Amino acid sequence: MDSEKKDIREWYQTAFADFENTLNGGASLPFHAVRKKAIARFAELGFPSTRNEDWKYTNVAPLLKHQFQPVTEAPDIAAESLAPFLFKGLDADRLVFVNGVYSEALSSVSNLPDGIILDTLENAFTTHAETVTQALGKTVSYEDETFSALNTAFARTGVFLSVPAGVVLERPLYILHVSKTDGREFLAAPRNLFLFGDNSQARLVEGHYNLDGGTSFKNSVTEISVGAGALVEHIRIQDESKEAFHFATTQVEQATGSNYTSVAIDLGGTLVRNNLNVHLAEERCEAHLIGFYFGSGRQLIDNHTMIDHAVPNCESNELYKGILDDRAHGVFNGKVMVRPDAQKTNAFQQNQAILLSDDAHIDSKPQLEIFADDVKCSHGATVGELDDESLFYLRARGIGEQEAHAMLRLAFARDIFNYIKIDAVRERLEELVVERFNNKA
Amino acid sequence: MSTENDTVKTPQKSDYDDKFGSAEQQETIEKLTQSDYKWGFTTDIETEVAPKGLNEDTIRFISAKKKEPEFLLEWRLKAFRYWQKMQEPHWPNVNYPPIDYQDAYYYAAPKPKKELKSMDEVDPQLRETFEKLGIPLDEQKRLAGVAVDAVMDSVSVATTFKKELAKHGIIFCSFSDAVQNHPDLIEKYLGSVVPYTDNFFAALNSAVFSDGSFCYIPKGVRCPMELSTYFRINAANTGQFERTLIVAEEGAYVSYLEGCTAPMRDENQLHAAVVEIVAHKDAEVKYSTVQNWYPGDKNGVGGIYNFVTKRGICLEENAKISWTQVETGSAITWKYPSVILKGDNSIGEFYSVALTNNYQQADTGTKMIHLGKNTRSTIISKGISAGKSQNSYRGLVRVSKNADNARNFSQCDSLLIGDKCGAHTFPYLEISNTTAKVEHEATTSKIGEDQIFYLNQRGIDTEDAIGMIVNGYCKEVFMELPMEFAVEARNLLAISLEGSVG
């Protein structure tokens, strides 16, 4: 085991050397020095074991059995093959990444309001060097954590979006990631940077899908800065293949009076780990973290969230719901931190899970760490089965058992979907989830 | 056993420095403290004290001194060898300087205790505390170490009690006595709930435990009285590595009380006790603790480290184990009284009030391990943080794959008094059964200004008002305590909160 870990660590170091050679001009940019430091730091950190409290329930051993190759070039895919992932009736600007590589041909971006910068990170390194250098890595440090270090080392591109103060992005921005492995086990390290100016508004939809059911390792880092009074909705749908390893770290920084909503839906992946951290850095912020996951087979879906109330008068609201079937394993670790002097904080956290099979398993760890006295904080966690009485009610009205189960599950999930304000996305998602339930029922 | 661990001890000056401090009182205390030294070490060190440090010889020495049977020595040595391979854990939410395990005596003959002639000689501060707690005079004398004549009340009470217990076939004695008189029971049950491999401090305790209590309730017997360590006279010197074992046979019932509301001072900083409870079919064990070790002064200097492993097992069906604890003392409290619900339909309960003030730290909670079918557990935890203290609830609810229809309800409330303290909640829920119903709730709040205002208006000063509000907040737990304990616990809470207002 230990030797395996060591070997795979060396593998990524070797892979990094090859990766450097594919960067062409990229290796001469200042960011490359950061990559080098990050790979060195990764070599020191190594992969976490379950003795590490943050990884207590999530064993990364299956990931270490593979030797993932950094992507250099994406395969060509036909525009039609994206159809299942485009929400019918959704009027949005679209950026498409295939295996983590930007595809201009598949993307479509209309004329954006003046001042908005929307580009790939790779381009932004040169076109907006100053802004990027200043902001990138400011909130997610490769120093602290293995997967952030690994992402930083292999970060080639991603989305760079900067919305100036007072600008409203009328149409949602859809960032679509599709994977097609063709039997090659690849590593993608998308790195995104979103900067929302004061009083700006935007809606982001992120989708992660797979075309051929292959094995891949996606390890993304997203940094989001929400300016004073800005309003951001961030919807994330992850439906990768059942062989995919999906690691995502999202760090949100909120300024005075801003409002950030995250809705995270996890359906695919064999080993999924989402770290979502929100730092309420200034007063009167509001953060809503909403999530739903459905695991079947041998999936492991791990959601770690951290809401850091650093200052007084902020509000956070968190609701995660999950359904687990077969041998699936769900992990929820939600932490609410109320720093000294962060008075008048309101923080609510709920985690609910339903187990459909005796081989399914949930580990739930909702935590409160409170250092201020004038606060209202509560958390709750429930684990149970679908309500017998509701089931009876439906059966008594002539609804078949399978369908009744599916209805109740949908009702359970709908609490989450209702947070998605974009109708086209919500409707498609409901369809998708019902499909999954029916397949499993 | 060392008298350093003496639980009944002359109060030390530093105990109450922070609460009472007139020059005159200080002087009295000064005198008392100094005179204490006169009675210092007089015993022959060569023969009565094991050399400093911990090695196999120390353990052989302890075992030989206590004339222990072979199996027990073997067990101690195994525990010691295992302990040597372990590392001290540092995961709890507490901070303390490293402990040097070699820089301590693990066996010392009892040190003669300074005895006072009458209550008048007792430190007035201590007397005041006793009065506030409402402790009867005779009990006060015993606690303060005043010489009592032949008709010492508790002795006679204890003798009467012993007769009564013997009539029912109940064994209730010190652990050492049990080793001599009931080695078969000790061999059968010792380490059956908390094996020496369990954790660092349990291993250390298993290797060097000094004494403790043993309690055995035979089949079908309902223990006619609350068993209290207080009434077991020789429990006085149980020492820093205490070991308690309670066995309830089929259909038996016992309510066991540990500790005392009276303040306790001990020179040993580290206390690593182990408590094991075995409940057979239809048996019920109720274990109540009031812990009020010296918490250190208001600057966080000194104070006891209370690192305890407490665990019960509901071995067969319909068994019930209930833990109730009131934790107000110790600089650091680190313990998780747990229940393994192995038998079908068995029940586990945990009721806790943990209060921290000044620089105290507490990381406490419970573990409910559901293995049997239709098992139920309830967790009610009330944390109160004041001053600059840190108070954490850490609890595990595990429902294993075969534990059909398991139910758990947990409620963990935190109350913060002042804005320099911290309250933390770390629940762990690990569920592998579809029919499980597990609910966890936690809230954090402070004492409302309107509540205090309301009481102030009615002529109740702020300190008393806070005492009343806190007691109301803890009511659910106090209701689980035996009556006289509950009354004392209420007063204790008020005393522990003194000076936390304003």
# chains A, B, ... in the order shown; residues from 1 in each chain; ligands from 1

$ interface_residues --of "chain B" --to "chain A" --cutoff "7 Å" --atoms "only C-alpha atoms" --output "PDB file with C-alpha atoms, in the first residue's frame"
ATOM      1  CA  LYS B 401     -25.661  -3.559   8.650  1.00  0.00           C
ATOM      2  CA  LEU B 416     -22.308  30.535  25.294  1.00  0.00           C
ATOM      3  CA  ILE B 417     -21.751  33.006  28.083  1.00  0.00           C
ATOM      4  CA  GLY B 418     -19.450  35.782  26.944  1.00  0.00           C
ATOM      5  CA  ASP B 419     -17.801  36.238  23.586  1.00  0.00           C
ATOM      6  CA  LYS B 420     -14.359  34.798  24.278  1.00  0.00           C
ATOM      7  CA  CYS B 421     -15.364  31.179  24.636  1.00  0.00           C
ATOM      8  CA  GLY B 422     -16.066  28.523  22.037  1.00  0.00           C
ATOM      9  CA  ALA B 423     -18.688  25.841  21.533  1.00  0.00           C
ATOM     10  CA  HIS B 424     -18.155  23.076  19.032  1.00  0.00           C
ATOM     11  CA  THR B 425     -20.203  20.173  17.816  1.00  0.00           C
ATOM     12  CA  PHE B 426     -18.697  17.208  15.992  1.00  0.00           C
ATOM     13  CA  PRO B 427     -21.290  14.521  15.473  1.00  0.00           C
ATOM     14  CA  TYR B 428     -20.371  11.454  13.411  1.00  0.00           C
ATOM     15  CA  LEU B 429     -23.212   9.441  11.930  1.00  0.00           C
ATOM     16  CA  GLU B 430     -22.267   6.180  10.213  1.00  0.00           C
ATOM     17  CA  ILE B 431     -25.290   4.345   8.948  1.00  0.00           C
ATOM     18  CA  SER B 432     -25.410   1.068   6.992  1.00  0.00           C
ATOM     19  CA  ASN B 433     -28.974  -0.074   7.387  1.00  0.00           C
ATOM     20  CA  THR B 434     -32.001   1.048   5.403  1.00  0.00           C
ATOM     21  CA  THR B 435     -34.411   0.785   8.300  1.00  0.00           C
ATOM     22  CA  ALA B 436     -32.367   2.958  10.616  1.00  0.00           C
ATOM     23  CA  LYS B 437     -33.864   6.212  11.801  1.00  0.00           C
ATOM     24  CA  VAL B 438     -31.217   8.551  13.037  1.00  0.00           C
ATOM     25  CA  GLU B 439     -31.822  12.148  13.933  1.00  0.00           C
ATOM     26  CA  HIS B 440     -29.336  14.674  15.088  1.00  0.00           C
ATOM     27  CA  GLU B 441     -30.100  18.204  16.143  1.00  0.00           C
ATOM     28  CA  ALA B 442     -27.848  20.864  17.487  1.00  0.00           C
ATOM     29  CA  THR B 443     -28.372  24.442  18.414  1.00  0.00           C
ATOM     30  CA  THR B 444     -26.176  27.178  19.750  1.00  0.00           C
ATOM     31  CA  SER B 445     -27.476  30.133  21.637  1.00  0.00           C
ATOM     32  CA  LYS B 446     -26.712  32.581  24.378  1.00  0.00           C
TER      33      LYS B 446
END

$ select_by_dssp --residues "range 250-309 of chain A" --states "strand (DSSP E)" --output "ChimeraX atom specification"
/A:250-254,259-266,271-280,286-295,300-309

$ write_last_selection --atoms "C-alpha atoms" --output "PDB file, in the first residue's frame"
ATOM      1  CA  THR A 250     -14.377  25.422  -5.126  1.00  0.00           C
ATOM      2  CA  GLN A 251     -13.397  28.396  -3.040  1.00  0.00           C
ATOM      3  CA  VAL A 252     -15.753  31.358  -2.779  1.00  0.00           C
ATOM      4  CA  GLU A 253     -14.840  34.735  -1.326  1.00  0.00           C
ATOM      5  CA  GLN A 254     -17.736  37.041  -0.558  1.00  0.00           C
ATOM      6  CA  ASN A 259     -25.270  36.714  -2.282  1.00  0.00           C
ATOM      7  CA  TYR A 260     -23.927  33.383  -3.543  1.00  0.00           C
ATOM      8  CA  THR A 261     -25.961  30.257  -4.202  1.00  0.00           C
ATOM      9  CA  SER A 262     -24.432  26.919  -5.086  1.00  0.00           C
ATOM     10  CA  VAL A 263     -26.547  23.990  -6.230  1.00  0.00           C
ATOM     11  CA  ALA A 264     -24.444  20.857  -6.626  1.00  0.00           C
ATOM     12  CA  ILE A 265     -25.907  17.716  -8.167  1.00  0.00           C
ATOM     13  CA  ASP A 266     -23.830  14.527  -8.201  1.00  0.00           C
ATOM     14  CA  LEU A 271     -15.044   8.249  -6.539  1.00  0.00           C
ATOM     15  CA  VAL A 272     -16.291  11.793  -6.161  1.00  0.00           C
ATOM     16  CA  ARG A 273     -14.962  14.340  -3.774  1.00  0.00           C
ATOM     17  CA  ASN A 274     -16.252  17.912  -3.731  1.00  0.00           C
ATOM     18  CA  ASN A 275     -14.715  20.514  -1.482  1.00  0.00           C
ATOM     19  CA  LEU A 276     -16.841  23.624  -1.371  1.00  0.00           C
ATOM     20  CA  ASN A 277     -15.542  26.398   0.855  1.00  0.00           C
ATOM     21  CA  VAL A 278     -17.231  29.720   1.338  1.00  0.00           C
ATOM     22  CA  HIS A 279     -15.493  32.540   3.109  1.00  0.00           C
ATOM     23  CA  LEU A 280     -17.852  35.252   4.308  1.00  0.00           C
ATOM     24  CA  GLU A 286     -25.648  35.512   2.302  1.00  0.00           C
ATOM     25  CA  ALA A 287     -24.558  32.065   1.174  1.00  0.00           C
ATOM     26  CA  HIS A 288     -26.761  29.155   0.175  1.00  0.00           C
ATOM     27  CA  LEU A 289     -25.171  25.752  -0.327  1.00  0.00           C
ATOM     28  CA  ILE A 290     -27.557  23.229  -1.726  1.00  0.00           C
ATOM     29  CA  GLY A 291     -26.774  19.722  -2.857  1.00  0.00           C
ATOM     30  CA  PHE A 292     -28.254  16.463  -4.045  1.00  0.00           C
ATOM     31  CA  TYR A 293     -26.568  13.161  -4.766  1.00  0.00           C
ATOM     32  CA  PHE A 294     -27.775   9.791  -5.933  1.00  0.00           C
ATOM     33  CA  GLY A 295     -25.352   6.912  -5.644  1.00  0.00           C
ATOM     34  CA  LEU A 300     -18.533   6.862  -3.392  1.00  0.00           C
ATOM     35  CA  ILE A 301     -19.787  10.440  -3.263  1.00  0.00           C
ATOM     36  CA  ASP A 302     -18.151  12.706  -0.737  1.00  0.00           C
ATOM     37  CA  ASN A 303     -19.273  16.292  -0.163  1.00  0.00           C
ATOM     38  CA  HIS A 304     -17.145  18.428   2.098  1.00  0.00           C
ATOM     39  CA  THR A 305     -18.363  21.941   2.729  1.00  0.00           C
ATOM     40  CA  MET A 306     -17.003  24.675   4.905  1.00  0.00           C
ATOM     41  CA  ILE A 307     -18.704  27.967   5.631  1.00  0.00           C
ATOM     42  CA  ASP A 308     -16.467  30.413   7.371  1.00  0.00           C
ATOM     43  CA  HIS A 309     -18.295  33.222   9.149  1.00  0.00           C
TER      44      HIS A 309
END

$ closest_residue --among "B:Thr462, B:Met368, B:Gly348, B:Val301" --to "Tyr96 in chain B" --atoms "only C-alpha atoms"
B:Val301

$ residues_around --residues "Phe453 in chain B" --least-positions-apart "3" --cutoff "12 Å" --atoms "only C-alpha atoms" --output "MDAnalysis selection string"
chainID B and resid 447:450 456:463 465:466 469

$ closest_residue --among "B:Cys223, B:Met483, B:Val193, B:Val470" --to "Gln451 in chain B" --atoms "only C-alpha atoms"
B:Val470

$ atom_distance --atom1 "CA of Val205 in chain A" --atom2 "CA of Ile237 in chain A"
7.8 Å

$ residues_around --residues "range 239-255 of chain B" --least-positions-apart "2" --cutoff "6 Å" --atoms "only C-alpha atoms" --output "ChimeraX atom specification"
/B:1,5,205,209-223,226,237,271-287

$ residues_around --residues "Lys373 in chain B" --least-positions-apart "5" --cutoff "9 Å" --atoms "only C-alpha atoms" --output "VMD selection string"
chain B and resid 341 to 346 402 to 406

$ write_last_selection --atoms "C-alpha atoms" --output "short mmCIF file (atom, residue, chain, number, x, y, z; two decimals), in the first residue's frame"
data_model
loop_
_atom_site.label_atom_id
_atom_site.label_comp_id
_atom_site.auth_asym_id
_atom_site.auth_seq_id
_atom_site.Cartn_x
_atom_site.Cartn_y
_atom_site.Cartn_z
CA LEU B 341 -25.93 -2.17 21.82
CA LYS B 342 -25.27 -5.79 21.00
CA GLY B 343 -28.38 -7.50 22.33
CA ASP B 344 -31.64 -7.09 20.40
CA ASN B 345 -34.03 -4.46 21.81
CA SER B 346 -31.33 -3.02 24.01
CA ASN B 402 -27.65 -6.02 10.75
CA ALA B 403 -29.11 -3.55 13.20
CA ASP B 404 -32.61 -3.50 11.74
CA ASN B 405 -35.01 -0.85 13.04
CA ALA B 406 -32.37 0.94 15.03
#

$ atom_distance --atom1 "CA of Val98 in chain A" --atom2 "CA of Thr152 in chain A"
19.2 Å

$ closest_residue --among "B:Phe175, B:Tyr473, B:Phe307, B:Tyr454" --to "Glu68 in chain B" --atoms "only C-alpha atoms"
B:Phe175

$ closest_residue --among "A:Phe160, A:Phe217, A:Phe437, A:Phe154" --to "Gly26 in chain A" --atoms "only C-alpha atoms"
A:Phe154

$ atom_distance --atom1 "CA of Asn408 in chain B" --atom2 "CA of Ile379 in chain B"
7.9 Å

$ residues_around --residues "Pro62 in chain A" --least-positions-apart "2" --cutoff "12 Å" --atoms "only C-alpha atoms" --output "PDB file with N, CA and C atoms, in the first residue's frame"
ATOM      1  N   MET A   1       0.834  -1.202   0.000  1.00  0.00           N
ATOM      2  CA  MET A   1       0.000   0.000   0.000  1.00  0.00           C
ATOM      3  C   MET A   1       0.876   1.262   0.000  1.00  0.00           C
ATOM      4  N   GLU A   4       2.851   1.479  -3.020  1.00  0.00           N
ATOM      5  CA  GLU A   4       1.997   1.876  -4.133  1.00  0.00           C
ATOM      6  C   GLU A   4       1.837   3.397  -4.157  1.00  0.00           C
ATOM      7  N   LYS A   5       1.632   3.932  -2.966  1.00  0.00           N
ATOM      8  CA  LYS A   5       1.446   5.375  -2.864  1.00  0.00           C
ATOM      9  C   LYS A   5       2.683   6.121  -3.339  1.00  0.00           C
ATOM     10  N   ILE A   8       3.054   5.868  -7.137  1.00  0.00           N
ATOM     11  CA  ILE A   8       2.143   6.692  -7.921  1.00  0.00           C
ATOM     12  C   ILE A   8       2.500   8.169  -7.760  1.00  0.00           C
ATOM     13  N   PHE A  47      -0.422  11.433  -1.138  1.00  0.00           N
ATOM     14  CA  PHE A  47      -1.875  11.258  -1.085  1.00  0.00           C
ATOM     15  C   PHE A  47      -2.318  11.017   0.354  1.00  0.00           C
ATOM     16  N   SER A  49      -4.252   9.567   3.639  1.00  0.00           N
ATOM     17  CA  SER A  49      -4.779   8.268   4.048  1.00  0.00           C
ATOM     18  C   SER A  49      -6.022   8.509   4.893  1.00  0.00           C
ATOM     19  N   THR A  58     -13.163   8.502   3.230  1.00  0.00           N
ATOM     20  CA  THR A  58     -12.926   8.402   1.804  1.00  0.00           C
ATOM     21  C   THR A  58     -11.516   7.895   1.552  1.00  0.00           C
ATOM     22  N   ASN A  59     -11.460   6.669   1.089  1.00  0.00           N
ATOM     23  CA  ASN A  59     -10.172   6.062   0.815  1.00  0.00           C
ATOM     24  C   ASN A  59      -9.828   6.297  -0.647  1.00  0.00           C
ATOM     25  N   VAL A  60      -8.709   6.960  -0.892  1.00  0.00           N
ATOM     26  CA  VAL A  60      -8.359   7.291  -2.277  1.00  0.00           C
ATOM     27  C   VAL A  60      -7.574   6.153  -2.954  1.00  0.00           C
ATOM     28  N   LEU A  64      -5.197   5.424  -6.830  1.00  0.00           N
ATOM     29  CA  LEU A  64      -3.754   5.213  -6.922  1.00  0.00           C
ATOM     30  C   LEU A  64      -3.398   3.978  -7.741  1.00  0.00           C
ATOM     31  N   LYS A  65      -4.430   3.236  -8.117  1.00  0.00           N
ATOM     32  CA  LYS A  65      -4.189   2.039  -8.927  1.00  0.00           C
ATOM     33  C   LYS A  65      -4.010   2.394 -10.398  1.00  0.00           C
ATOM     34  N   HIS A  66      -4.320   3.634 -10.750  1.00  0.00           N
ATOM     35  CA  HIS A  66      -4.256   4.033 -12.157  1.00  0.00           C
ATOM     36  C   HIS A  66      -3.090   4.978 -12.407  1.00  0.00           C
ATOM     37  N   GLN A  67      -2.621   4.935 -13.647  1.00  0.00           N
ATOM     38  CA  GLN A  67      -1.609   5.913 -14.037  1.00  0.00           C
ATOM     39  C   GLN A  67      -2.228   6.825 -15.085  1.00  0.00           C
ATOM     40  N   THR A 215     -12.500   5.481 -18.024  1.00  0.00           N
ATOM     41  CA  THR A 215     -11.919   5.919 -16.760  1.00  0.00           C
ATOM     42  C   THR A 215     -11.124   7.212 -16.955  1.00  0.00           C
ATOM     43  N   PHE A 217      -9.623  10.984 -14.704  1.00  0.00           N
ATOM     44  CA  PHE A 217      -9.376  11.625 -13.415  1.00  0.00           C
ATOM     45  C   PHE A 217      -9.455  13.127 -13.634  1.00  0.00           C
ATOM     46  N   GLU A 243     -16.943   5.057 -14.000  1.00  0.00           N
ATOM     47  CA  GLU A 243     -15.533   4.713 -13.797  1.00  0.00           C
ATOM     48  C   GLU A 243     -14.698   5.960 -13.513  1.00  0.00           C
ATOM     49  N   ALA A 244     -15.345   7.103 -13.495  1.00  0.00           N
ATOM     50  CA  ALA A 244     -14.587   8.353 -13.440  1.00  0.00           C
ATOM     51  C   ALA A 244     -14.247   8.761 -12.004  1.00  0.00           C
ATOM     52  N   PHE A 245     -13.060   9.321 -11.847  1.00  0.00           N
ATOM     53  CA  PHE A 245     -12.664   9.929 -10.576  1.00  0.00           C
ATOM     54  C   PHE A 245     -12.862  11.430 -10.716  1.00  0.00           C
ATOM     55  N   THR A 270     -17.073   7.202  -9.957  1.00  0.00           N
ATOM     56  CA  THR A 270     -16.857   6.073  -9.051  1.00  0.00           C
ATOM     57  C   THR A 270     -16.370   6.588  -7.703  1.00  0.00           C
ATOM     58  N   LEU A 271     -15.543   7.627  -7.758  1.00  0.00           N
ATOM     59  CA  LEU A 271     -15.044   8.249  -6.539  1.00  0.00           C
ATOM     60  C   LEU A 271     -15.139   9.756  -6.738  1.00  0.00           C
ATOM     61  N   VAL A 272     -16.033  10.362  -5.987  1.00  0.00           N
ATOM     62  CA  VAL A 272     -16.291  11.793  -6.161  1.00  0.00           C
ATOM     63  C   VAL A 272     -15.991  12.506  -4.861  1.00  0.00           C
ATOM     64  N   ARG A 298     -21.180   0.888  -6.931  1.00  0.00           N
ATOM     65  CA  ARG A 298     -20.182   1.015  -5.873  1.00  0.00           C
ATOM     66  C   ARG A 298     -19.673   2.450  -5.764  1.00  0.00           C
ATOM     67  N   GLN A 299     -20.492   3.376  -6.134  1.00  0.00           N
ATOM     68  CA  GLN A 299     -20.070   4.781  -6.112  1.00  0.00           C
ATOM     69  C   GLN A 299     -19.752   5.278  -4.701  1.00  0.00           C
ATOM     70  N   LEU A 300     -18.794   6.153  -4.640  1.00  0.00           N
ATOM     71  CA  LEU A 300     -18.533   6.862  -3.392  1.00  0.00           C
ATOM     72  C   LEU A 300     -18.656   8.352  -3.684  1.00  0.00           C
TER      73      LEU A 300
END
